[in-house]
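File shown here: coords-v2.tsv, holding TSV, C-alpha atoms.
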```tsv
chain	number	residue	atom	x	y	z
D	24	MET	CA	10.46	24.76	57.63
D	25	VAL	CA	8.62	27.16	55.36
D	26	ILE	CA	7.45	26.02	51.92
D	27	SER	CA	6.63	28.71	49.44
D	28	HIS	CA	3.64	28.64	47.13
D	29	SER	CA	5.88	28.54	44.07
D	30	GLN	CA	7.57	25.37	45.34
D	31	ILE	CA	4.22	23.65	45.79
D	32	LYS	CA	3.19	24.63	42.27
D	33	SER	CA	6.42	23.36	40.73
D	34	GLU	CA	6.13	20.03	42.52
D	35	SER	CA	2.53	19.57	41.36
D	36	ASP	CA	3.61	20.20	37.78
D	37	LEU	CA	6.20	17.40	37.86
D	38	PRO	CA	3.88	14.63	36.50
D	39	GLU	CA	2.78	16.76	33.55
D	40	THR	CA	6.37	17.80	32.86
D	41	ARG	CA	7.44	14.16	32.92
D	42	LYS	CA	4.69	13.16	30.49
D	43	LYS	CA	5.66	15.97	28.17
D	44	PHE	CA	9.29	14.86	28.33
D	45	GLU	CA	8.25	11.27	27.51
D	46	PHE	CA	6.29	12.54	24.53
D	47	TYR	CA	9.34	14.41	23.24
D	48	GLN	CA	11.37	11.23	23.73
D	49	LEU	CA	8.87	9.31	21.61
D	50	CYS	CA	9.06	11.93	18.84
D	51	ALA	CA	12.86	11.87	18.96
D	52	LEU	CA	12.81	8.07	18.73
D	53	LEU	CA	10.60	8.13	15.61
D	54	VAL	CA	12.83	10.72	13.95
D	55	SER	CA	15.94	8.70	14.84
D	56	VAL	CA	14.45	5.55	13.32
D	57	LEU	CA	13.65	7.41	10.10
D	58	LEU	CA	17.14	8.89	9.87
D	59	LEU	CA	18.79	5.54	10.63
D	60	ALA	CA	16.73	3.78	7.99
D	61	SER	CA	17.62	6.51	5.51
D	62	ALA	CA	21.32	6.15	6.26
D	63	VAL	CA	21.25	2.36	5.97
D	64	TYR	CA	19.40	2.53	2.69
D	65	GLY	CA	21.77	5.17	1.33
D	66	GLN	CA	24.75	2.92	2.09
D	67	GLY	CA	23.07	-0.05	0.44
D	68	VAL	CA	22.29	1.58	-2.91
D	69	THR	CA	24.95	0.81	-5.47
D	70	GLY	CA	23.34	2.24	-8.59
D	71	THR	CA	21.51	0.69	-11.49
D	72	GLU	CA	22.82	-2.23	-13.45
D	73	SER	CA	24.55	-1.06	-16.62
D	74	ASN	CA	24.84	-4.42	-18.42
D	75	GLU	CA	21.56	-5.40	-20.04
D	76	LYS	CA	20.90	-9.16	-19.96
D	77	VAL	CA	19.27	-10.56	-23.08
D	78	ILE	CA	17.88	-14.05	-23.70
D	79	VAL	CA	18.32	-14.96	-27.38
D	80	VAL	CA	16.06	-17.72	-28.73
D	81	THR	CA	16.92	-19.36	-32.03
D	82	GLY	CA	15.43	-22.33	-33.81
D	83	VAL	CA	11.90	-23.66	-33.33
D	84	THR	CA	10.45	-24.31	-29.87
D	85	ASP	CA	6.90	-25.17	-28.86
D	86	SER	CA	7.00	-23.33	-25.54
D	87	THR	CA	6.67	-19.85	-24.12
D	88	VAL	CA	9.89	-17.97	-23.37
D	89	PHE	CA	10.03	-16.08	-20.06
D	90	GLY	CA	12.48	-13.39	-19.03
D	91	LEU	CA	12.63	-12.27	-15.40
D	92	GLY	CA	14.64	-9.06	-15.20
D	93	GLU	CA	15.97	-9.81	-18.69
D	94	SER	CA	15.06	-8.87	-22.24
D	95	VAL	CA	13.97	-11.53	-24.71
D	96	ARG	CA	15.09	-11.58	-28.35
D	97	VAL	CA	13.14	-14.00	-30.54
D	98	ALA	CA	15.24	-14.87	-33.57
D	99	GLY	CA	13.44	-18.16	-34.35
D	100	THR	CA	9.93	-19.49	-33.81
D	101	VAL	CA	8.34	-19.73	-30.35
D	102	LYS	CA	4.87	-20.27	-28.92
D	103	GLY	CA	4.92	-17.06	-26.84
D	104	ALA	CA	7.26	-14.54	-25.24
D	105	ILE	CA	6.90	-12.71	-21.90
D	106	SER	CA	9.40	-10.43	-20.20
D	107	PHE	CA	9.16	-9.02	-16.66
D	108	GLY	CA	11.41	-5.98	-16.37
D	109	GLY	CA	12.81	-6.14	-19.89
D	110	ASP	CA	11.98	-5.74	-23.58
D	111	VAL	CA	10.70	-8.32	-26.04
D	112	ILE	CA	12.39	-7.96	-29.42
D	113	VAL	CA	10.75	-10.04	-32.16
D	114	GLU	CA	12.87	-10.87	-35.22
D	115	GLY	CA	11.25	-14.21	-36.06
D	116	VAL	CA	7.81	-15.70	-35.46
D	117	VAL	CA	5.70	-15.78	-32.30
D	118	LYS	CA	2.67	-18.06	-32.71
D	119	GLY	CA	1.00	-16.86	-29.52
D	120	ASP	CA	0.94	-13.76	-27.34
D	121	VAL	CA	3.74	-11.33	-26.56
D	122	ALA	CA	3.78	-9.44	-23.26
D	123	ALA	CA	6.16	-7.07	-21.50
D	124	ILE	CA	5.73	-5.62	-18.00
D	125	GLY	CA	8.17	-2.83	-17.28
D	126	GLY	CA	9.49	-3.00	-20.82
D	127	SER	CA	8.58	-2.56	-24.49
D	128	VAL	CA	7.67	-4.84	-27.37
D	129	ILE	CA	9.70	-4.16	-30.51
D	130	GLN	CA	8.71	-5.89	-33.75
D	131	LEU	CA	11.38	-5.76	-36.44
D	132	ASP	CA	11.13	-6.08	-40.26
D	133	GLY	CA	9.89	-9.42	-41.55
D	134	SER	CA	8.74	-10.71	-38.14
D	135	ARG	CA	5.28	-11.99	-37.27
D	136	ILE	CA	3.13	-12.07	-34.14
D	137	ASP	CA	-0.01	-14.20	-34.39
D	138	GLY	CA	-1.39	-13.47	-30.91
D	139	ASP	CA	-2.07	-10.41	-28.83
D	140	VAL	CA	0.47	-7.81	-27.70
D	141	ILE	CA	0.23	-6.69	-24.07
D	142	VAL	CA	2.51	-3.93	-22.78
D	143	VAL	CA	2.39	-2.45	-19.26
D	144	GLY	CA	4.91	0.27	-18.52
D	145	GLY	CA	6.35	0.50	-22.03
D	146	THR	CA	5.47	0.90	-25.70
D	147	TYR	CA	4.79	-1.23	-28.74
D	148	SER	CA	6.72	-0.29	-31.86
D	149	HIS	CA	7.26	-1.90	-35.26
D	150	SER	CA	9.52	-1.19	-38.21
D	151	ASP	CA	7.13	-2.22	-40.99
D	152	LYS	CA	4.31	0.11	-41.95
D	153	ALA	CA	2.00	-2.92	-41.87
D	154	PRO	CA	3.44	-5.27	-39.23
D	155	GLY	CA	2.94	-8.99	-39.49
D	156	ARG	CA	-0.05	-9.40	-37.17
D	157	SER	CA	-3.11	-11.63	-37.20
D	158	PRO	CA	-6.31	-9.67	-38.07
D	159	ALA	CA	-8.01	-11.11	-34.96
D	160	SER	CA	-5.23	-10.03	-32.58
D	161	THR	CA	-5.44	-7.04	-30.28
D	162	THR	CA	-2.97	-4.64	-28.68
D	163	ILE	CA	-3.23	-3.56	-25.04
D	164	MET	CA	-0.74	-0.91	-23.96
D	165	TYR	CA	-0.22	1.25	-20.87
D	166	ALA	CA	2.93	3.34	-21.16
D	167	GLY	CA	3.14	4.93	-17.69
D	168	TYR	CA	5.69	4.25	-14.94
D	169	GLN	CA	8.11	2.35	-17.14
D	170	GLU	CA	11.23	2.92	-15.04
D	171	GLU	CA	9.40	2.18	-11.79
D	172	LEU	CA	7.95	-1.08	-13.11
D	173	ARG	CA	11.25	-2.11	-14.65
D	174	SER	CA	13.07	-1.50	-11.38
D	175	MET	CA	10.37	-3.32	-9.41
D	176	MET	CA	10.46	-6.38	-11.67
D	177	ARG	CA	14.24	-6.55	-11.59
D	178	ASN	CA	14.51	-6.02	-7.86
D	179	PRO	CA	11.29	-7.20	-6.12
D	180	ALA	CA	12.95	-6.80	-2.71
D	181	GLY	CA	13.07	-3.06	-3.37
D	182	LEU	CA	9.34	-2.95	-2.66
D	183	LEU	CA	10.13	-3.63	0.99
D	184	GLN	CA	12.78	-0.91	1.12
D	185	PRO	CA	11.47	2.51	-0.01
D	186	ARG	CA	13.87	4.98	-1.57
D	187	TRP	CA	14.56	7.67	1.00
D	188	SER	CA	14.77	10.88	-0.96
D	189	PRO	CA	13.42	14.42	-0.53
D	190	SER	CA	10.53	13.61	-2.85
D	191	TYR	CA	9.64	10.47	-0.87
D	192	ILE	CA	9.78	12.33	2.46
D	193	GLY	CA	7.64	15.07	0.93
D	194	SER	CA	5.09	12.50	-0.23
D	195	ARG	CA	4.94	11.10	3.32
D	196	ILE	CA	4.29	14.57	4.72
D	197	LEU	CA	1.55	15.09	2.14
D	198	ALA	CA	0.08	11.72	3.13
D	199	VAL	CA	-0.08	12.86	6.76
D	200	LEU	CA	-1.84	16.08	5.76
D	201	PHE	CA	-4.23	14.27	3.41
D	202	TRP	CA	-5.35	11.66	5.93
D	203	PHE	CA	-5.53	14.29	8.67
D	204	VAL	CA	-7.97	16.35	6.57
D	205	VAL	CA	-9.98	13.24	5.66
D	206	SER	CA	-10.12	12.19	9.32
D	207	LEU	CA	-11.29	15.64	10.38
D	208	ALA	CA	-14.00	15.66	7.72
D	209	LEU	CA	-15.33	12.19	8.58
D	210	THR	CA	-15.21	12.90	12.32
D	211	ALA	CA	-17.17	16.12	11.83
D	212	ALA	CA	-19.68	14.49	9.47
D	213	MET	CA	-20.25	11.26	11.45
D	214	PRO	CA	-19.06	11.75	15.03
D	215	GLY	CA	-21.28	8.96	16.39
D	216	THR	CA	-19.94	6.36	13.94
D	217	ILE	CA	-16.32	7.26	14.69
D	218	SER	CA	-17.00	7.32	18.44
D	219	ARG	CA	-18.57	3.85	18.43
D	220	GLY	CA	-15.75	2.49	16.29
D	221	VAL	CA	-13.10	3.85	18.65
D	222	ALA	CA	-14.93	2.41	21.65
D	223	ARG	CA	-15.27	-0.96	19.93
D	224	LEU	CA	-11.59	-1.01	19.02
D	225	GLN	CA	-10.52	-0.12	22.56
D	226	LEU	CA	-12.72	-2.73	24.25
D	227	THR	CA	-12.49	-5.70	21.86
D	228	SER	CA	-9.42	-5.09	19.69
D	229	LEU	CA	-8.43	-8.79	19.60
D	230	ARG	CA	-11.93	-9.87	18.62
D	231	VAL	CA	-12.08	-7.19	15.94
D	232	ALA	CA	-8.72	-8.37	14.54
D	233	VAL	CA	-9.81	-12.03	14.46
D	234	ILE	CA	-13.10	-11.19	12.75
D	235	GLY	CA	-11.28	-8.99	10.25
D	236	LEU	CA	-8.78	-11.74	9.42
D	237	ILE	CA	-11.55	-14.30	8.91
D	238	GLY	CA	-13.47	-11.79	6.81
D	239	ALA	CA	-10.44	-11.11	4.60
D	240	VAL	CA	-9.94	-14.84	3.97
D	241	VAL	CA	-13.64	-15.37	3.23
D	242	ILE	CA	-13.78	-12.40	0.85
D	243	GLY	CA	-10.68	-13.51	-1.04
D	244	ALA	CA	-11.81	-17.13	-1.35
D	245	GLY	CA	-15.43	-16.15	-2.08
D	246	VAL	CA	-14.55	-13.80	-4.91
D	247	GLU	CA	-12.24	-16.42	-6.40
D	248	LEU	CA	-15.00	-19.06	-6.28
D	249	CYS	CA	-17.50	-16.65	-7.82
D	250	LEU	CA	-15.15	-16.02	-10.74
D	251	TRP	CA	-14.96	-19.75	-11.37
D	252	LEU	CA	-18.52	-20.91	-10.68
D	253	LEU	CA	-20.93	-18.05	-11.40
D	254	PRO	CA	-21.71	-16.41	-14.74
D	255	GLN	CA	-19.49	-13.56	-15.78
D	256	THR	CA	-22.05	-10.81	-15.12
D	257	ILE	CA	-22.80	-12.00	-11.58
D	258	SER	CA	-19.14	-12.67	-10.75
D	259	VAL	CA	-18.15	-9.17	-11.90
D	260	LEU	CA	-20.95	-7.68	-9.77
D	261	VAL	CA	-19.80	-9.67	-6.72
D	262	GLY	CA	-16.21	-8.56	-7.31
D	263	LEU	CA	-17.26	-4.90	-7.52
D	264	MET	CA	-19.28	-5.18	-4.31
D	265	ALA	CA	-16.32	-6.78	-2.53
D	266	LEU	CA	-14.04	-4.02	-3.81
D	267	ILE	CA	-16.41	-1.29	-2.61
D	268	LEU	CA	-16.64	-2.96	0.80
D	269	ILE	CA	-12.85	-3.11	1.11
D	270	ILE	CA	-12.42	0.54	0.07
D	271	LEU	CA	-15.10	1.86	2.43
D	272	ALA	CA	-13.91	-0.33	5.29
D	273	GLY	CA	-10.35	0.82	4.73
D	274	LEU	CA	-11.39	4.47	4.70
D	275	PHE	CA	-13.41	4.37	7.92
D	276	GLY	CA	-11.07	1.88	9.56
D	277	ARG	CA	-8.06	4.14	9.06
D	278	VAL	CA	-9.87	7.12	10.57
D	279	ILE	CA	-11.01	5.08	13.58
D	280	LEU	CA	-7.53	3.63	14.07
D	281	TYR	CA	-5.93	7.08	13.81
D	282	ALA	CA	-8.42	8.48	16.31
D	283	ALA	CA	-7.91	5.66	18.82
D	284	THR	CA	-4.12	5.83	18.54
D	285	GLY	CA	-4.09	9.62	18.86
D	286	ARG	CA	-6.28	9.46	21.95
D	287	TRP	CA	-3.93	6.89	23.51
D	288	LEU	CA	-0.89	9.07	22.74
D	289	GLN	CA	-2.65	12.06	24.27
D	290	ARG	CA	-3.38	10.20	27.50
D	291	LYS	CA	0.11	8.74	27.81
D	292	TYR	CA	2.52	11.33	26.43
D	293	PHE	CA	0.76	14.59	25.62
D	294	PRO	CA	-1.57	15.83	28.40
D	295	TYR	CA	-1.83	19.35	26.96
D	296	GLY	CA	-4.83	19.75	24.69
D	297	LYS	CA	-6.11	16.34	25.75
D	298	ASN	CA	-9.69	17.26	24.82
D	299	SER	CA	-8.76	18.36	21.31
D	300	GLU	CA	-9.97	15.98	18.60
D	301	ALA	CA	-7.77	17.65	15.99
D	302	VAL	CA	-4.61	17.06	18.04
D	303	ALA	CA	-5.53	13.41	18.59
D	304	LEU	CA	-6.18	12.85	14.88
D	305	LEU	CA	-2.91	14.53	13.93
D	306	LEU	CA	-0.93	12.44	16.41
D	307	GLY	CA	-2.54	9.18	15.29
D	308	THR	CA	-2.13	9.98	11.60
D	309	ALA	CA	1.54	10.93	11.97
D	310	PHE	CA	2.22	7.79	14.04
D	311	TRP	CA	0.76	5.33	11.51
D	312	ILE	CA	2.13	7.10	8.43
D	313	THR	CA	5.58	6.95	10.06
D	314	LEU	CA	5.22	3.22	10.65
D	315	ASP	CA	3.95	2.84	7.09
D	316	SER	CA	7.19	4.43	5.81
D	317	LEU	CA	9.69	2.13	7.54
D	318	PRO	CA	11.57	-0.37	5.34
D	319	TYR	CA	10.48	-4.01	5.67
D	320	VAL	CA	7.84	-2.97	8.24
D	321	TRP	CA	5.26	-1.24	6.05
D	322	PRO	CA	3.73	-4.46	4.55
D	323	PHE	CA	2.84	-5.69	8.03
D	324	VAL	CA	1.47	-2.24	8.93
D	325	VAL	CA	-0.75	-2.26	5.84
D	326	ILE	CA	-2.00	-5.76	6.68
D	327	VAL	CA	-2.80	-4.72	10.26
D	328	ILE	CA	-4.69	-1.63	9.06
D	329	TRP	CA	-6.80	-3.54	6.54
D	330	VAL	CA	-7.54	-6.44	8.89
D	331	LEU	CA	-8.65	-4.08	11.67
D	332	SER	CA	-10.68	-2.05	9.15
D	333	LEU	CA	-12.55	-5.13	7.96
D	334	GLY	CA	-13.08	-6.22	11.55
D	335	LEU	CA	-14.58	-2.84	12.41
D	336	ALA	CA	-16.84	-3.04	9.37
D	337	PHE	CA	-18.09	-6.54	10.23
D	338	THR	CA	-18.70	-5.65	13.88
D	339	ALA	CA	-20.52	-2.40	13.22
D	340	ARG	CA	-23.65	-3.70	15.00
D	341	TYR	CA	-21.75	-5.04	18.02
D	342	HIS	CA	-23.14	-3.09	21.03
D	343	VAL	CA	-21.51	-4.66	24.09
D	344	GLY	CA	-19.69	-2.11	26.21
D	345	TRP	CA	-20.31	0.89	23.96
D	346	ARG	CA	-22.08	2.96	26.59
D	347	ARG	CA	-19.37	2.37	29.16
D	348	ALA	CA	-16.66	3.30	26.65
D	349	ALA	CA	-18.60	6.37	25.52
D	350	ALA	CA	-18.82	7.54	29.12
D	351	VAL	CA	-15.06	7.28	29.48
D	352	SER	CA	-14.16	8.86	26.11
D	353	PRO	CA	-17.08	10.96	24.82
D	354	THR	CA	-15.13	12.98	22.26
D	355	PHE	CA	-14.68	10.11	19.81
```
Could you rewrite the structure in this file as structure tokens?
Amino acid sequence: MVISHSQIKSESDLPETRKKFEFYQLCALLVSVLLLASAVYGQGVTGTESNEKVIVVTGVTDSTVFGLGESVRVAGTVKGAISFGGDVIVEGVVKGDVAAIGGSVIQLDGSRIDGDVIVVGGTYSHSDKAPGRSPASTTIMYAGYQEELRSMMRNPAGLLQPRWSPSYIGSRILAVLFWFVVSLALTAAMPGTISRGVARLQLTSLRVAVIGLIGAVVIGAGVELCLWLLPQTISVLVGLMALILIILAGLFGRVILYAATGRWLQRKYFPYGKNSEAVALLLGTAFWITLDSLPYVWPFVVIVIWVLSLGLAFTARYHVGWRRAAAVSPTF
């Protein structure tokens, strides 16, 4: 039996062809999940609620009125009024503060507000040229994202289910490009730091996750205790330091996680260009941004990313096994 050279070559290429086919299967699976989630969400959307719910308060009450997804109309006298996802309309007297998140505060003729007015995602308006306000009261207002905040307050479950639209898909693509560029820049600027982080994550991922979880709990509880026990200046400084640590850890942790995931995808599904750092970063970035876009899954993905990032930050001086890992994967 005579075997030609071409037959030998085709048989030797079978493993690489199979890996490439598995990679295409993985890509097709991710696209299918995105399309299925989009279809399910599209069937579940029934439109916005047309009937506005309003809580009307008359008489005198020594308590604060709350509205969750409802507007509040104060026609009598109350201690305070707060609405989440609705407006606060003051016709009578409010002895304390008035606040609206995802709504507006409207003060009509002859009404009085003795406390502060706080508006997030809305406006504060009054009919009188000189509204009935206490001279010591203040007004805090941020008028952006009113519809988004109103929708979020009225339907908190919508946070877990993103709106699949062309603009949302475009924002996800921009997120992939943004983090890909950031990852390339950090890898080029600090290749040794990224390489050690990838090696540490590959060798002791469970330990890194446990340390990151403990660190997150300690930071949260520590900042809270500082706000209660320490003077204001010191507690603010501690809070800023904790915030800077979380931001920097999240930045480097994402890049390290993207690099490690991309390298794993290269070894398992995409043998071509296996020594390319750019391809690995692009694969890892696209993988995690896709997971971060799935309904009801993205909160857990965010938690995993931040926990691993904090773990990598707290184990930055952990040297066990680095040389062995660097010998196996020198590019990261």
Have a look at D:Leu335, D:Leu248, D:Leu314, D:Val221 and name the one nearest to Thr284 in chain D; count all atoms listed in the file.
D:Val221
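Going from CA of Ile312 in chain D over to CA of Gln289 in chain D, you cover 17.3 Å.
CA of Phe323 in chain D to CA of Trp202 in chain D spans 19.3 Å [interatomic distance, one decimal].
Rounded to one decimal, CA of Arg230 in chain D and CA of Glu300 in chain D lie 25.9 Å from each other.
Shortest atom-to-atom contact with Val330 in chain D among D:Leu260, D:Leu131, D:Arg277, D:Tyr165: D:Arg277, counting all atoms listed in the file.
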Contacts of range 97-101 of chain D within 12 Å, all atoms listed in the file, excl. fewer than 4 positions in-chain, as an NGL selection string
:D and (77-90 or 105-106 or 110-121 or 128-138)
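Residue nearest Thr210 in chain D, chosen from D:Val143, D:Met164, D:Leu304, D:Gly235 and counting only C-alpha atoms: D:Leu304.
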Name all residues at most 7 Å from Thr162 in chain D (count all atoms listed in the file; drop same-chain ones fewer than 6 positions away) and give them as JSON, numbers by chain.
{"D": [139, 140, 141]}
With C-alpha atoms retained, export the selected residues as a PDB file, in the coordinates of the input.
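What ended up in part-v9.pdb:
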```
ATOM      1  CA  ASP D 139      -2.070 -10.410 -28.830  1.00  0.00           C
ATOM      2  CA  VAL D 140       0.470  -7.810 -27.700  1.00  0.00           C
ATOM      3  CA  ILE D 141       0.230  -6.690 -24.070  1.00  0.00           C
TER       4      ILE D 141
END
```
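Of the listed residues D:Leu280, D:Val261, D:Ile328, D:Leu252, the one whose atoms come nearest to Ile217 in chain D is D:Leu280, with distances taken using all atoms listed in the file.
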Contacts of Val278 in chain D within 7 Å, only C-alpha atoms, excl. fewer than 4 positions in-chain, as a PyMOL selection string:
chain D and resi 206+274+282
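The smallest atom-to-atom distance between Arg286 in chain D and any of D:Leu263, D:Gln225, D:Leu91, D:Thr146, using all atoms listed in the file, is found for D:Gln225.
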